[in-house]
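Visitor: Enclosed is the structure file my_file-v1.cif (mmCIF, C-alpha atoms and all ligand atoms).
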data_final
loop_
_atom_site.label_atom_id
_atom_site.label_comp_id
_atom_site.auth_asym_id
_atom_site.auth_seq_id
_atom_site.Cartn_x
_atom_site.Cartn_y
_atom_site.Cartn_z
CA MET K 1 -157.01 -129.35 -50.45
CA SER K 2 -155.79 -131.42 -53.40
CA ASN K 3 -153.75 -134.59 -53.41
CA ARG K 4 -150.92 -132.97 -55.33
CA VAL K 5 -147.70 -133.33 -53.35
CA VAL K 6 -145.93 -129.98 -53.05
CA ILE K 7 -143.18 -130.97 -50.61
CA ASP K 8 -141.65 -134.43 -50.73
CA VAL K 9 -138.98 -135.21 -48.13
CA ASP K 10 -137.48 -138.62 -48.74
CA ASN K 11 -135.13 -140.27 -46.24
CA VAL K 12 -133.40 -137.03 -45.30
CA ASP K 13 -130.51 -136.88 -42.84
CA LYS K 14 -128.79 -133.77 -41.57
CA VAL K 15 -125.57 -133.96 -39.56
CA PHE K 16 -123.99 -130.71 -38.43
CA ASP K 17 -120.20 -130.67 -38.20
CA ALA K 18 -120.13 -134.26 -39.51
CA SER K 19 -116.37 -134.75 -39.29
CA GLY K 20 -115.77 -132.70 -36.13
CA LYS K 21 -115.98 -133.76 -32.49
CA ASN K 22 -119.13 -131.65 -31.99
CA SER K 23 -121.05 -133.60 -34.61
CA VAL K 24 -124.87 -133.38 -34.18
CA ALA K 25 -127.34 -135.68 -35.93
CA ALA K 26 -130.11 -133.09 -36.27
CA LEU K 27 -132.32 -135.13 -38.64
CA GLN K 28 -132.40 -138.83 -39.37
CA GLY K 29 -134.41 -140.71 -41.99
CA ILE K 30 -137.10 -138.03 -42.37
CA ASP K 31 -139.91 -139.11 -44.71
CA LEU K 32 -142.73 -136.61 -45.10
CA THR K 33 -145.02 -135.50 -47.89
CA ILE K 34 -147.16 -132.37 -47.77
CA ASP K 35 -150.08 -131.89 -50.14
CA GLU K 36 -151.15 -128.67 -51.82
CA GLY K 37 -153.31 -126.54 -49.56
CA GLU K 38 -152.47 -128.36 -46.33
CA PHE K 39 -151.63 -126.64 -43.05
CA VAL K 40 -149.01 -128.84 -41.41
CA SER K 41 -147.35 -128.15 -38.06
CA LEU K 42 -144.01 -129.52 -36.90
CA LEU K 43 -144.20 -130.04 -33.14
CA GLY K 44 -141.67 -131.45 -30.71
CA PRO K 45 -139.32 -130.74 -27.81
CA SER K 46 -136.53 -128.23 -28.09
CA GLY K 47 -133.66 -129.48 -30.25
CA CYS K 48 -135.66 -132.15 -32.13
CA GLY K 49 -134.83 -130.57 -35.49
CA LYS K 50 -138.04 -128.66 -36.36
CA SER K 51 -136.21 -125.55 -37.57
CA THR K 52 -133.56 -127.61 -39.30
CA LEU K 53 -136.23 -129.52 -41.25
CA LEU K 54 -137.92 -126.26 -42.25
CA ARG K 55 -134.57 -124.77 -43.29
CA VAL K 56 -133.74 -127.87 -45.34
CA MET K 57 -137.13 -127.57 -47.10
CA ALA K 58 -136.36 -123.89 -47.76
CA ASP K 59 -132.87 -124.66 -49.09
CA LEU K 60 -131.34 -122.47 -46.37
CA THR K 61 -129.44 -125.52 -45.04
CA ALA K 62 -128.24 -128.42 -47.19
CA SER K 63 -129.25 -131.93 -46.17
CA THR K 64 -126.45 -134.45 -45.61
CA SER K 65 -128.27 -137.17 -47.55
CA GLY K 66 -131.73 -137.97 -48.92
CA ARG K 67 -133.90 -136.14 -51.42
CA ILE K 68 -136.17 -133.10 -51.18
CA GLU K 69 -138.53 -132.03 -53.91
CA VAL K 70 -140.63 -128.88 -53.81
CA ASN K 71 -143.24 -128.59 -56.55
CA GLU K 72 -141.51 -131.49 -58.33
CA LYS K 73 -138.16 -129.72 -58.49
CA SER K 74 -135.13 -129.38 -56.24
CA ALA K 75 -135.46 -127.16 -53.16
CA THR K 76 -132.77 -124.91 -54.69
CA GLN K 77 -134.77 -124.46 -57.89
CA ALA K 78 -137.93 -123.79 -55.86
CA ARG K 79 -136.10 -121.12 -53.86
CA GLN K 80 -134.80 -119.51 -57.05
CA ASP K 81 -138.34 -119.59 -58.49
CA ARG K 82 -139.63 -117.92 -55.27
CA ASP K 83 -142.04 -120.80 -54.64
CA TYR K 84 -142.11 -120.06 -50.93
CA GLY K 85 -142.22 -117.19 -48.50
CA MET K 86 -140.73 -117.40 -45.01
CA VAL K 87 -141.76 -115.93 -41.67
CA PHE K 88 -139.58 -116.21 -38.56
CA GLN K 89 -140.15 -115.58 -34.84
CA GLN K 90 -138.67 -112.08 -35.18
CA PRO K 91 -140.42 -109.99 -37.84
CA GLY K 92 -137.06 -108.90 -39.28
CA LEU K 93 -138.38 -105.64 -40.73
CA PHE K 94 -136.12 -102.81 -41.88
CA GLU K 95 -136.59 -100.00 -39.36
CA TRP K 96 -135.78 -97.24 -41.85
CA ARG K 97 -138.33 -98.38 -44.43
CA SER K 98 -142.04 -97.65 -44.09
CA VAL K 99 -144.44 -100.58 -43.65
CA LEU K 100 -145.39 -100.35 -47.34
CA ARG K 101 -141.75 -100.28 -48.48
CA ASN K 102 -140.96 -103.29 -46.27
CA VAL K 103 -143.78 -105.28 -47.85
CA GLU K 104 -142.79 -104.38 -51.41
CA LEU K 105 -139.11 -105.21 -50.83
CA PRO K 106 -139.16 -108.78 -52.24
CA LEU K 107 -140.75 -107.47 -55.44
CA GLN K 108 -138.20 -104.64 -55.62
CA VAL K 109 -135.38 -107.18 -55.32
CA ALA K 110 -137.07 -109.21 -58.09
CA GLY K 111 -137.05 -106.12 -60.34
CA VAL K 112 -140.82 -105.56 -60.46
CA ALA K 113 -141.81 -102.05 -61.63
CA LYS K 114 -142.62 -99.51 -58.91
CA GLU K 115 -146.32 -99.00 -59.59
CA GLN K 116 -146.97 -102.72 -59.87
CA ARG K 117 -145.12 -103.64 -56.70
CA ARG K 118 -146.80 -100.84 -54.77
CA GLN K 119 -150.25 -102.05 -55.77
CA ARG K 120 -149.39 -105.61 -54.82
CA ALA K 121 -147.97 -104.53 -51.43
CA GLN K 122 -151.09 -102.46 -50.74
CA LYS K 123 -153.23 -105.48 -51.52
CA MET K 124 -151.22 -107.59 -49.07
CA LEU K 125 -151.56 -104.92 -46.37
CA GLU K 126 -155.31 -104.99 -46.96
CA LEU K 127 -155.22 -108.75 -46.50
CA VAL K 128 -153.57 -108.42 -43.06
CA HIS K 129 -155.81 -105.45 -42.15
CA LEU K 130 -153.00 -102.91 -41.94
CA SER K 131 -153.85 -100.55 -44.80
CA ASP K 132 -154.07 -97.61 -42.39
CA PHE K 133 -150.47 -98.13 -41.34
CA GLU K 134 -148.68 -98.25 -44.69
CA ARG K 135 -146.79 -95.01 -44.02
CA HIS K 136 -145.82 -95.94 -40.47
CA PHE K 137 -142.41 -97.33 -39.57
CA PRO K 138 -141.99 -100.74 -37.88
CA TRP K 139 -141.05 -99.19 -34.53
CA GLN K 140 -144.43 -97.45 -34.45
CA LEU K 141 -146.28 -100.80 -34.47
CA SER K 142 -146.96 -103.42 -31.80
CA GLY K 143 -145.22 -106.81 -31.97
CA GLY K 144 -148.35 -108.46 -33.37
CA MET K 145 -148.74 -105.78 -36.04
CA GLN K 146 -145.08 -106.14 -37.02
CA GLN K 147 -145.60 -109.87 -37.43
CA ARG K 148 -148.62 -109.19 -39.66
CA VAL K 149 -146.37 -106.96 -41.80
CA SER K 150 -143.87 -109.81 -41.98
CA ILE K 151 -146.64 -112.19 -43.13
CA ALA K 152 -147.75 -109.65 -45.76
CA ARG K 153 -144.15 -109.38 -46.97
CA ALA K 154 -143.83 -113.16 -47.21
CA LEU K 155 -147.04 -113.31 -49.28
CA THR K 156 -146.20 -110.44 -51.58
CA SER K 157 -144.61 -112.65 -54.26
CA ALA K 158 -147.73 -114.89 -54.16
CA PRO K 159 -145.74 -117.93 -52.99
CA LYS K 160 -147.32 -121.35 -53.30
CA ILE K 161 -145.87 -122.31 -49.92
CA LEU K 162 -145.48 -120.42 -46.67
CA LEU K 163 -142.77 -121.72 -44.30
CA MET K 164 -143.20 -120.34 -40.78
CA ASP K 165 -140.75 -120.84 -37.91
CA GLU K 166 -142.50 -120.08 -34.60
CA PRO K 167 -143.96 -116.88 -36.05
CA LEU K 168 -146.20 -116.24 -33.04
CA GLY K 169 -143.73 -117.39 -30.37
CA ALA K 170 -142.83 -113.90 -29.17
CA LEU K 171 -146.43 -112.71 -28.69
CA ASP K 172 -148.59 -112.65 -25.56
CA GLU K 173 -151.43 -115.18 -25.29
CA MET K 174 -154.28 -112.90 -26.44
CA ASN K 175 -152.38 -111.55 -29.42
CA ARG K 176 -151.27 -115.03 -30.29
CA GLU K 177 -154.81 -116.39 -30.39
CA TYR K 178 -155.92 -113.40 -32.45
CA LEU K 179 -153.13 -113.94 -34.98
CA GLN K 180 -153.85 -117.68 -35.14
CA SER K 181 -157.37 -116.83 -36.34
CA GLU K 182 -155.98 -114.20 -38.71
CA LEU K 183 -153.55 -116.72 -40.13
CA LEU K 184 -156.35 -119.19 -40.84
CA ARG K 185 -158.34 -116.46 -42.57
CA ILE K 186 -155.31 -115.56 -44.72
CA TRP K 187 -154.64 -119.24 -45.44
CA ASP K 188 -158.23 -119.69 -46.55
CA SER K 189 -158.17 -116.69 -48.86
CA THR K 190 -154.74 -117.39 -50.42
CA LYS K 191 -154.97 -121.23 -50.54
CA THR K 192 -151.25 -121.30 -49.77
CA THR K 193 -149.72 -124.50 -48.37
CA VAL K 194 -148.35 -123.79 -44.87
CA VAL K 195 -145.61 -125.56 -42.90
CA PHE K 196 -145.57 -124.17 -39.37
CA VAL K 197 -143.06 -124.81 -36.56
CA THR K 198 -144.37 -124.46 -33.01
CA HIS K 199 -143.80 -125.56 -29.41
CA SER K 200 -147.46 -125.13 -28.56
CA ILE K 201 -149.78 -128.14 -28.64
CA SER K 202 -153.00 -126.11 -28.67
CA GLU K 203 -151.66 -123.81 -31.39
CA ALA K 204 -150.70 -126.80 -33.57
CA VAL K 205 -154.13 -128.40 -33.12
CA PHE K 206 -156.08 -125.18 -33.67
CA LEU K 207 -154.29 -124.35 -36.91
CA SER K 208 -153.37 -127.59 -38.57
CA SER K 209 -154.88 -130.23 -40.78
CA ARG K 210 -151.98 -132.48 -39.66
CA VAL K 211 -149.51 -132.32 -36.78
CA VAL K 212 -146.11 -133.96 -37.30
CA ILE K 213 -144.60 -134.96 -33.97
CA MET K 214 -140.82 -135.06 -33.88
CA SER K 215 -138.45 -136.71 -31.41
CA PRO K 216 -134.92 -135.55 -30.60
CA ARG K 217 -131.39 -137.03 -30.74
CA PRO K 218 -131.50 -137.68 -33.61
CA GLY K 219 -134.47 -135.70 -34.96
CA ARG K 220 -137.05 -138.09 -36.37
CA VAL K 221 -140.74 -138.15 -37.24
CA ALA K 222 -142.27 -139.95 -34.27
CA GLY K 223 -145.86 -139.77 -35.47
CA VAL K 224 -148.45 -137.82 -37.41
CA VAL K 225 -151.84 -136.81 -36.00
CA GLU K 226 -154.66 -135.93 -38.40
CA VAL K 227 -156.71 -133.03 -37.07
CA ASP K 228 -160.15 -133.64 -38.50
CA LEU K 229 -161.85 -130.66 -36.83
CA PRO K 230 -163.82 -128.75 -39.48
CA TYR K 231 -162.67 -125.39 -40.86
CA PRO K 232 -163.38 -122.54 -40.40
CA ARG K 233 -162.12 -122.83 -36.85
CA THR K 234 -163.32 -120.16 -34.48
CA ALA K 235 -163.25 -119.17 -30.81
CA ARG K 236 -165.96 -121.79 -30.36
CA THR K 237 -163.60 -124.48 -31.70
CA ARG K 238 -161.23 -123.83 -28.80
CA THR K 239 -163.89 -124.62 -26.23
CA SER K 240 -165.33 -127.69 -27.97
CA PRO K 241 -164.90 -131.22 -26.55
CA GLU K 242 -163.50 -132.35 -29.93
CA PHE K 243 -160.73 -129.75 -29.69
CA TYR K 244 -159.96 -130.82 -26.14
CA ASP K 245 -159.80 -134.49 -27.25
CA LYS K 246 -157.40 -133.68 -30.10
CA VAL K 247 -155.15 -131.64 -27.79
CA THR K 248 -155.10 -134.60 -25.40
CA GLU K 249 -154.26 -137.00 -28.24
CA VAL K 250 -151.33 -134.85 -29.38
CA ARG K 251 -150.17 -134.26 -25.80
CA THR K 252 -150.18 -138.02 -25.11
CA ALA K 253 -148.15 -138.69 -28.28
CA LEU K 254 -145.67 -135.97 -27.34
CA HIS K 255 -145.27 -137.28 -23.79
CA ALA K 256 -144.60 -140.77 -25.17
CA VAL K 257 -141.79 -139.24 -27.26
CA LEU K 258 -140.35 -137.46 -24.22
CA ALA K 259 -140.53 -140.58 -22.06
CA GLU K 260 -138.70 -142.57 -24.76
CA THR K 261 -136.04 -139.88 -25.08
CA GLU K 262 -135.43 -139.78 -21.33
CA THR K 263 -134.83 -143.52 -21.18
CA VAL K 264 -132.23 -143.45 -24.01
N1 LIG V 1 -125.93 -124.40 -37.37
C1 LIG V 1 -125.85 -125.41 -36.51
N2 LIG V 1 -124.65 -125.96 -36.17
C2 LIG V 1 -124.59 -127.01 -35.33
N3 LIG V 1 -125.64 -127.59 -34.75
C3 LIG V 1 -126.86 -127.09 -35.03
C4 LIG V 1 -127.03 -125.98 -35.92
N4 LIG V 1 -128.36 -125.70 -36.01
C5 LIG V 1 -128.98 -126.59 -35.21
N5 LIG V 1 -128.07 -127.42 -34.63
C6 LIG V 1 -128.39 -128.54 -33.74
O1 LIG V 1 -129.33 -129.37 -34.38
C7 LIG V 1 -130.31 -129.84 -33.44
C8 LIG V 1 -131.70 -129.43 -33.93
O2 LIG V 1 -131.81 -128.01 -33.84
P1 LIG V 1 -133.11 -127.23 -34.30
O3 LIG V 1 -132.87 -125.78 -34.08
O4 LIG V 1 -133.49 -127.67 -35.66
O5 LIG V 1 -134.19 -127.79 -33.26
P2 LIG V 1 -135.63 -127.23 -32.92
O6 LIG V 1 -136.51 -128.42 -32.73
O7 LIG V 1 -136.06 -126.23 -33.92
O8 LIG V 1 -135.34 -126.53 -31.52
P3 LIG V 1 -136.11 -125.31 -30.79
O9 LIG V 1 -137.51 -125.79 -30.59
O10 LIG V 1 -135.36 -125.16 -29.49
O11 LIG V 1 -136.01 -124.11 -31.67
C9 LIG V 1 -129.94 -129.25 -32.08
O12 LIG V 1 -129.21 -130.21 -31.35
C10 LIG V 1 -129.04 -128.07 -32.45
O13 LIG V 1 -128.07 -127.85 -31.45
#
Render the structure in this file as structure tokens.
Guide:
Amino acid sequence: MSNRVVIDVDNVDKVFDASGKNSVAALQGIDLTIDEGEFVSLLGPSGCGKSTLLRVMADLTASTSGRIEVNEKSATQARQDRDYGMVFQQPGLFEWRSVLRNVELPLQVAGVAKEQRRQRAQKMLELVHLSDFERHFPWQLSGGMQQRVSIARALTSAPKILLMDEPLGALDEMNREYLQSELLRIWDSTKTTVVFVTHSISEAVFLSSRVVIMSPRPGRVAGVVEVDLPYPRTARTRTSPEFYDKVTEVRTALHAVLAETETV
């Protein structure tokens, strides 16, 4: 990890339907910086603005006020420069395209020559351990495998940043733990900066170097917990007292947020 800031969110507000009667203050006064190579999770109760913050970083939603810089440029410029890849809860693969053709799609859209994009897509499928399935179609794969294809696709343009919105949320527990470990392996080999939205405390602690705890109505940063457990993290990490202590620390912080919200 370096100390170079890759995402700088400065006093950002987001109000949906600002002038209407259904106005929602989704984000208020968000200040957050993320350094190159970090793995940062956004954690908080439903509706606290995790996805909105990720979407604002990705320039998929405009902020109402404040400033966002990604790699020292506007979020819009970063999106145009393909500085980040995105992964959502649903893999969002095209059913009529083979696995390989799904993974090479971003490069095809960018106008990269066929042979070059094919080689790159094959490399990404190797990275997610799905080389044997390049000619399969998405419907022939399990949910976890489809999500690995979606991660390969997001990485195919070699983005500096990976923005992930509950990517493992639809998977069963065993598959989820397996993909958490896979994700850390991929993170280690690509050195990509990751911003990861989750509802799961243990998932956030297992994966992250920092956990950002958000509170709802309006969405704010309620606290940041440093997770100083050493990498690589393994099955043994999950059963260690240090992991248990960190989970408890995050859980306590989250419960404080919920208690505050309920009394408002
Ligand atoms: N397009 C939209 N139009 C109006 N309101 C929206 C829109 N998107 C989100 N909101 C509102 O903004 C608030 C934050 O939503 P957001 O989806 O960012 O929360 P979240 O923390 O990701 O929730 P969850 O964990 O349930 O996915 C919610 O009150 C939601 O209703």
Visitor: Could you jot down the atom CA of Arg210 of chain K to atom CA of Ile30 of chain K separation for me, Å, one decimal place?
Guide: 16.1 Å
Visitor: Could you pull out the residues sitting within 9 Å of ligand LIG 1 (chain V), using all atoms listed in the file, and write them as a ChimeraX atom specification?
Guide: /K:14-17,22-27,42-55,61,165-166,197-199,214-219
Visitor: Counting all atoms listed in the file, which of K:Gln122, K:Ala58, K:Gly143, K:Gly223 gets nearest to Ala170 of chain K?
Guide: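 Closest candidate: K:Gly143.
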Visitor: Using all atoms listed in the file, which residue out of K:Val99, K:Val112, K:Ala253, K:Val194 lies closest to His136 of chain K?
Guide: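 For His136 of chain K, the nearest of the candidates is K:Val99.
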Visitor: Give me the residues within 10 Å of Asn102 of chain K as a ChimeraX atom specification, counting all atoms listed in the file and dropping any in the same chain fewer than 3 places off.
Guide: /K:92-99,105-106,108,121,134,137-138,149-150,152-153
Visitor: Sorted by chain and rising residue number, list the residues of segment 184-220 of chain K at most 7 Å from segment 245-251 of chain K (counting all atoms listed in the file), each with its closest atom pair and distance in Å to one decimal, as a tab-separated table.
Guide:
residue	atom	partner	partner_atom	distance
K:Ile201	CA	K:Val247	CA	6.5
K:Ser202	CA	K:Val247	CA	6.0
K:Val205	CA	K:Val247	CA	6.3
Visitor: So how far away is atom CA of Val12 of chain K from atom CA of Ser200 of chain K, in Å?
Guide: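 Answer for the atom CA of Ser200 of chain K to atom CA of Val12 of chain K separation: 24.9 Å.
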Visitor: Please determine the residues with any atom at most 8 Å from (-147.8, -124.8, -51.8) (coordinates as given in the file, with all atoms listed in the file counting) and report them as JSON, numbers by chain.
Guide: {"K": [6, 7, 35, 36, 37, 71, 83, 84, 159, 160, 161, 162, 192, 193, 194]}
Visitor: For the residues in the current selection, export C-alpha atoms as a CSV table (one decimal), in the frame of the given file.
Guide:
chain,number,residue,atom,x,y,z
K,6,VAL,CA,-145.9,-130.0,-53.0
K,7,ILE,CA,-143.2,-131.0,-50.6
K,35,ASP,CA,-150.1,-131.9,-50.1
K,36,GLU,CA,-151.2,-128.7,-51.8
K,37,GLY,CA,-153.3,-126.5,-49.6
K,71,ASN,CA,-143.2,-128.6,-56.6
K,83,ASP,CA,-142.0,-120.8,-54.6
K,84,TYR,CA,-142.1,-120.1,-50.9
K,159,PRO,CA,-145.7,-117.9,-53.0
K,160,LYS,CA,-147.3,-121.4,-53.3
K,161,ILE,CA,-145.9,-122.3,-49.9
K,162,LEU,CA,-145.5,-120.4,-46.7
K,192,THR,CA,-151.2,-121.3,-49.8
K,193,THR,CA,-149.7,-124.5,-48.4
K,194,VAL,CA,-148.4,-123.8,-44.9
